[in-house]
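*Asks:* There's a structure below that I have some questions on.
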Amino acid sequence: MQQDVATYHASLSSDDRVICERLYRLLDKGLPEATVKIWHAHPVWFLDGNPVAGYSKQKAGIRLMFWSGADFGDERLRIGTGKFRDASFFYQSDDDIHEKDLLEWSAKARDIQWDYQHIVKRKGQLIRLK
């Protein structure tokens with residue numbers, strides 16, 4: 001685990017840290033070719049410079065977000081309310097995490113992508129990559 005991600009985890013409560021460490025391991029397993037870094041203050045996985053998955057502490061729990069998750073066709077994911085194609089799942093405990101779901105969503109994150117990397121250059125317009 002990278003030091004900046006470990007530092008992020010260390011800033012969390014023990015319950016939240018357990019959730020995030022497990023999410024980290026499963027996302028790393030599901031997206032082994034991805035680059036992981038702290039982006040906008042939380043861990044994010046990138047494929048070819050494009051953000052695909054990440055998690056953060058929110059009021060409702062630990063939010064696992066997939067940047068293109070609205071197109072995954074999975075009713076368990078809560079679709080974002082903005083103009084982007086994101087969708088999320090919130091965790092309140094480690095027991096809420098199901099490895100099969102994470103690996104399935106990780107595969108979809110690889111196969112279904114919108115171009116967030118160039119969104120500023122395109123003045124907010126999203127273009128589907130895959």
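Residue numbering restarts at 1 in every chain; chains get A, B, ... in the order shown in the structure tokens, and ligands count up from 1 in that same order.
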May I have the residues within 10 Å of range 66-81 of chain A as a PyMOL selection string, using only C-alpha atoms and disregarding those fewer than 2 positions away in the same chain?
*Replies:* chain A and resi 44-45+50-55+63-64+83-90+101+104-116+128
*Asks:* Can you pull out every residue from chain A that DSSP, working from the backbone, puts in alpha helix (DSSP H), and format the result as a PDB file with N, CA and C atoms, in the first residue's frame?
*Replies:*
ATOM      1  N   GLN A   3       2.226   4.981   0.709  1.00  0.00           N
ATOM      2  CA  GLN A   3       2.263   5.726   1.963  1.00  0.00           C
ATOM      3  C   GLN A   3       1.121   6.735   2.073  1.00  0.00           C
ATOM      4  N   ASP A   4       0.786   7.426   0.986  1.00  0.00           N
ATOM      5  CA  ASP A   4      -0.282   8.425   1.060  1.00  0.00           C
ATOM      6  C   ASP A   4      -1.647   7.780   1.308  1.00  0.00           C
ATOM      7  N   VAL A   5      -1.869   6.572   0.782  1.00  0.00           N
ATOM      8  CA  VAL A   5      -3.113   5.845   1.052  1.00  0.00           C
ATOM      9  C   VAL A   5      -3.109   5.347   2.499  1.00  0.00           C
ATOM     10  N   ALA A   6      -1.979   4.855   2.969  1.00  0.00           N
ATOM     11  CA  ALA A   6      -1.862   4.416   4.368  1.00  0.00           C
ATOM     12  C   ALA A   6      -2.118   5.589   5.311  1.00  0.00           C
ATOM     13  N   THR A   7      -1.631   6.769   4.961  1.00  0.00           N
ATOM     14  CA  THR A   7      -1.871   7.968   5.772  1.00  0.00           C
ATOM     15  C   THR A   7      -3.358   8.314   5.783  1.00  0.00           C
ATOM     16  N   TYR A   8      -4.024   8.192   4.633  1.00  0.00           N
ATOM     17  CA  TYR A   8      -5.470   8.424   4.560  1.00  0.00           C
ATOM     18  C   TYR A   8      -6.188   7.454   5.503  1.00  0.00           C
ATOM     19  N   HIS A   9      -5.844   6.184   5.433  1.00  0.00           N
ATOM     20  CA  HIS A   9      -6.476   5.176   6.289  1.00  0.00           C
ATOM     21  C   HIS A   9      -6.227   5.468   7.767  1.00  0.00           C
ATOM     22  N   ALA A  10      -5.019   5.896   8.098  1.00  0.00           N
ATOM     23  CA  ALA A  10      -4.676   6.179   9.494  1.00  0.00           C
ATOM     24  C   ALA A  10      -5.496   7.328  10.067  1.00  0.00           C
ATOM     25  N   SER A  14     -11.296   3.475  13.667  1.00  0.00           N
ATOM     26  CA  SER A  14     -10.900   2.068  13.481  1.00  0.00           C
ATOM     27  C   SER A  14     -11.923   1.298  12.644  1.00  0.00           C
ATOM     28  N   ASP A  15     -13.224   1.539  12.838  1.00  0.00           N
ATOM     29  CA  ASP A  15     -14.245   0.848  12.042  1.00  0.00           C
ATOM     30  C   ASP A  15     -14.162   1.234  10.571  1.00  0.00           C
ATOM     31  N   ASP A  16     -14.010   2.530  10.301  1.00  0.00           N
ATOM     32  CA  ASP A  16     -13.896   2.990   8.918  1.00  0.00           C
ATOM     33  C   ASP A  16     -12.607   2.498   8.268  1.00  0.00           C
ATOM     34  N   ARG A  17     -11.537   2.433   9.061  1.00  0.00           N
ATOM     35  CA  ARG A  17     -10.257   1.960   8.543  1.00  0.00           C
ATOM     36  C   ARG A  17     -10.374   0.505   8.095  1.00  0.00           C
ATOM     37  N   VAL A  18     -11.068  -0.320   8.857  1.00  0.00           N
ATOM     38  CA  VAL A  18     -11.247  -1.731   8.490  1.00  0.00           C
ATOM     39  C   VAL A  18     -11.971  -1.832   7.143  1.00  0.00           C
ATOM     40  N   ILE A  19     -13.019  -1.031   6.972  1.00  0.00           N
ATOM     41  CA  ILE A  19     -13.769  -1.031   5.711  1.00  0.00           C
ATOM     42  C   ILE A  19     -12.861  -0.609   4.560  1.00  0.00           C
ATOM     43  N   CYS A  20     -12.149   0.500   4.737  1.00  0.00           N
ATOM     44  CA  CYS A  20     -11.309   1.031   3.659  1.00  0.00           C
ATOM     45  C   CYS A  20     -10.158   0.099   3.308  1.00  0.00           C
ATOM     46  N   GLU A  21      -9.563  -0.511   4.296  1.00  0.00           N
ATOM     47  CA  GLU A  21      -8.470  -1.443   4.004  1.00  0.00           C
ATOM     48  C   GLU A  21      -8.963  -2.647   3.220  1.00  0.00           C
ATOM     49  N   ARG A  22     -10.166  -3.099   3.529  1.00  0.00           N
ATOM     50  CA  ARG A  22     -10.726  -4.224   2.769  1.00  0.00           C
ATOM     51  C   ARG A  22     -11.092  -3.790   1.352  1.00  0.00           C
ATOM     52  N   LEU A  23     -11.693  -2.608   1.217  1.00  0.00           N
ATOM     53  CA  LEU A  23     -12.008  -2.098  -0.122  1.00  0.00           C
ATOM     54  C   LEU A  23     -10.732  -1.943  -0.950  1.00  0.00           C
ATOM     55  N   TYR A  24      -9.687  -1.450  -0.316  1.00  0.00           N
ATOM     56  CA  TYR A  24      -8.403  -1.287  -0.997  1.00  0.00           C
ATOM     57  C   TYR A  24      -7.917  -2.630  -1.547  1.00  0.00           C
ATOM     58  N   ARG A  25      -7.907  -3.644  -0.696  1.00  0.00           N
ATOM     59  CA  ARG A  25      -7.424  -4.969  -1.130  1.00  0.00           C
ATOM     60  C   ARG A  25      -8.258  -5.517  -2.284  1.00  0.00           C
ATOM     61  N   LEU A  26      -9.586  -5.356  -2.199  1.00  0.00           N
ATOM     62  CA  LEU A  26     -10.452  -5.910  -3.234  1.00  0.00           C
ATOM     63  C   LEU A  26     -10.355  -5.119  -4.543  1.00  0.00           C
ATOM     64  N   LEU A  27     -10.272  -3.800  -4.456  1.00  0.00           N
ATOM     65  CA  LEU A  27     -10.101  -3.003  -5.676  1.00  0.00           C
ATOM     66  C   LEU A  27      -8.746  -3.288  -6.308  1.00  0.00           C
ATOM     67  N   ASP A  28      -7.734  -3.447  -5.491  1.00  0.00           N
ATOM     68  CA  ASP A  28      -6.409  -3.775  -6.001  1.00  0.00           C
ATOM     69  C   ASP A  28      -6.411  -5.144  -6.688  1.00  0.00           C
ATOM     70  N   LYS A  29      -7.180  -6.073  -6.136  1.00  0.00           N
ATOM     71  CA  LYS A  29      -7.309  -7.406  -6.738  1.00  0.00           C
ATOM     72  C   LYS A  29      -8.109  -7.331  -8.040  1.00  0.00           C
ATOM     73  N   GLY A  30      -9.176  -6.543  -8.046  1.00  0.00           N
ATOM     74  CA  GLY A  30     -10.042  -6.450  -9.217  1.00  0.00           C
ATOM     75  C   GLY A  30      -9.489  -5.589 -10.336  1.00  0.00           C
ATOM     76  N   GLU A  99     -17.174  -9.655  -1.560  1.00  0.00           N
ATOM     77  CA  GLU A  99     -16.082  -9.732  -2.530  1.00  0.00           C
ATOM     78  C   GLU A  99     -16.587  -9.914  -3.950  1.00  0.00           C
ATOM     79  N   LYS A 100     -17.579 -10.765  -4.133  1.00  0.00           N
ATOM     80  CA  LYS A 100     -18.110 -11.030  -5.478  1.00  0.00           C
ATOM     81  C   LYS A 100     -18.600  -9.728  -6.126  1.00  0.00           C
ATOM     82  N   ASP A 101     -19.319  -8.894  -5.349  1.00  0.00           N
ATOM     83  CA  ASP A 101     -19.817  -7.616  -5.879  1.00  0.00           C
ATOM     84  C   ASP A 101     -18.666  -6.721  -6.303  1.00  0.00           C
ATOM     85  N   LEU A 102     -17.652  -6.597  -5.435  1.00  0.00           N
ATOM     86  CA  LEU A 102     -16.519  -5.713  -5.723  1.00  0.00           C
ATOM     87  C   LEU A 102     -15.766  -6.157  -6.974  1.00  0.00           C
ATOM     88  N   LEU A 103     -15.571  -7.447  -7.122  1.00  0.00           N
ATOM     89  CA  LEU A 103     -14.856  -7.949  -8.299  1.00  0.00           C
ATOM     90  C   LEU A 103     -15.690  -7.771  -9.565  1.00  0.00           C
ATOM     91  N   GLU A 104     -16.996  -7.941  -9.454  1.00  0.00           N
ATOM     92  CA  GLU A 104     -17.894  -7.723 -10.595  1.00  0.00           C
ATOM     93  C   GLU A 104     -17.885  -6.248 -10.998  1.00  0.00           C
ATOM     94  N   TRP A 105     -18.001  -5.354 -10.020  1.00  0.00           N
ATOM     95  CA  TRP A 105     -18.000  -3.916 -10.315  1.00  0.00           C
ATOM     96  C   TRP A 105     -16.646  -3.471 -10.859  1.00  0.00           C
ATOM     97  N   SER A 106     -15.567  -4.069 -10.356  1.00  0.00           N
ATOM     98  CA  SER A 106     -14.229  -3.724 -10.860  1.00  0.00           C
ATOM     99  C   SER A 106     -14.091  -4.111 -12.334  1.00  0.00           C
ATOM    100  N   ALA A 107     -14.604  -5.273 -12.701  1.00  0.00           N
ATOM    101  CA  ALA A 107     -14.556  -5.707 -14.105  1.00  0.00           C
ATOM    102  C   ALA A 107     -15.362  -4.752 -14.981  1.00  0.00           C
ATOM    103  N   LYS A 108     -16.513  -4.325 -14.486  1.00  0.00           N
ATOM    104  CA  LYS A 108     -17.330  -3.374 -15.252  1.00  0.00           C
ATOM    105  C   LYS A 108     -16.632  -2.015 -15.344  1.00  0.00           C
ATOM    106  N   ALA A 109     -15.917  -1.627 -14.285  1.00  0.00           N
ATOM    107  CA  ALA A 109     -15.181  -0.351 -14.316  1.00  0.00           C
ATOM    108  C   ALA A 109     -14.109  -0.373 -15.395  1.00  0.00           C
ATOM    109  N   ARG A 110     -13.551  -1.524 -15.666  1.00  0.00           N
ATOM    110  CA  ARG A 110     -12.545  -1.675 -16.715  1.00  0.00           C
ATOM    111  C   ARG A 110     -13.208  -1.632 -18.101  1.00  0.00           C
ATOM    112  N   ASP A 111     -14.373  -2.268 -18.211  1.00  0.00           N
ATOM    113  CA  ASP A 111     -15.025  -2.432 -19.506  1.00  0.00           C
ATOM    114  C   ASP A 111     -15.922  -1.267 -19.912  1.00  0.00           C
TER     115      ASP A 111
END
*Asks:* Name the closest residue to Ile62 in chain A among the candidates A:Gly82, A:Ala34, A:Tyr91, A:Leu12; distances are taken between atoms, counting only C-alpha atoms.
*Replies:*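 Looking only at the distances to Ile62 in chain A, the closest residue turns out to be A:Tyr91.
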*Asks:* What does the structure give for the distance between CA of Lys37 in chain A and CA of Asp96 in chain A, in Å to one decimal?
*Replies:* 24.5 Å
*Asks:* Please identify which residues in chain A DSSP calls strand (DSSP E) from the backbone, and express them as a PyMOL selection string.
*Replies:* chain A and resi 35-39+42-47+50-58+61-66+78-79+87-91
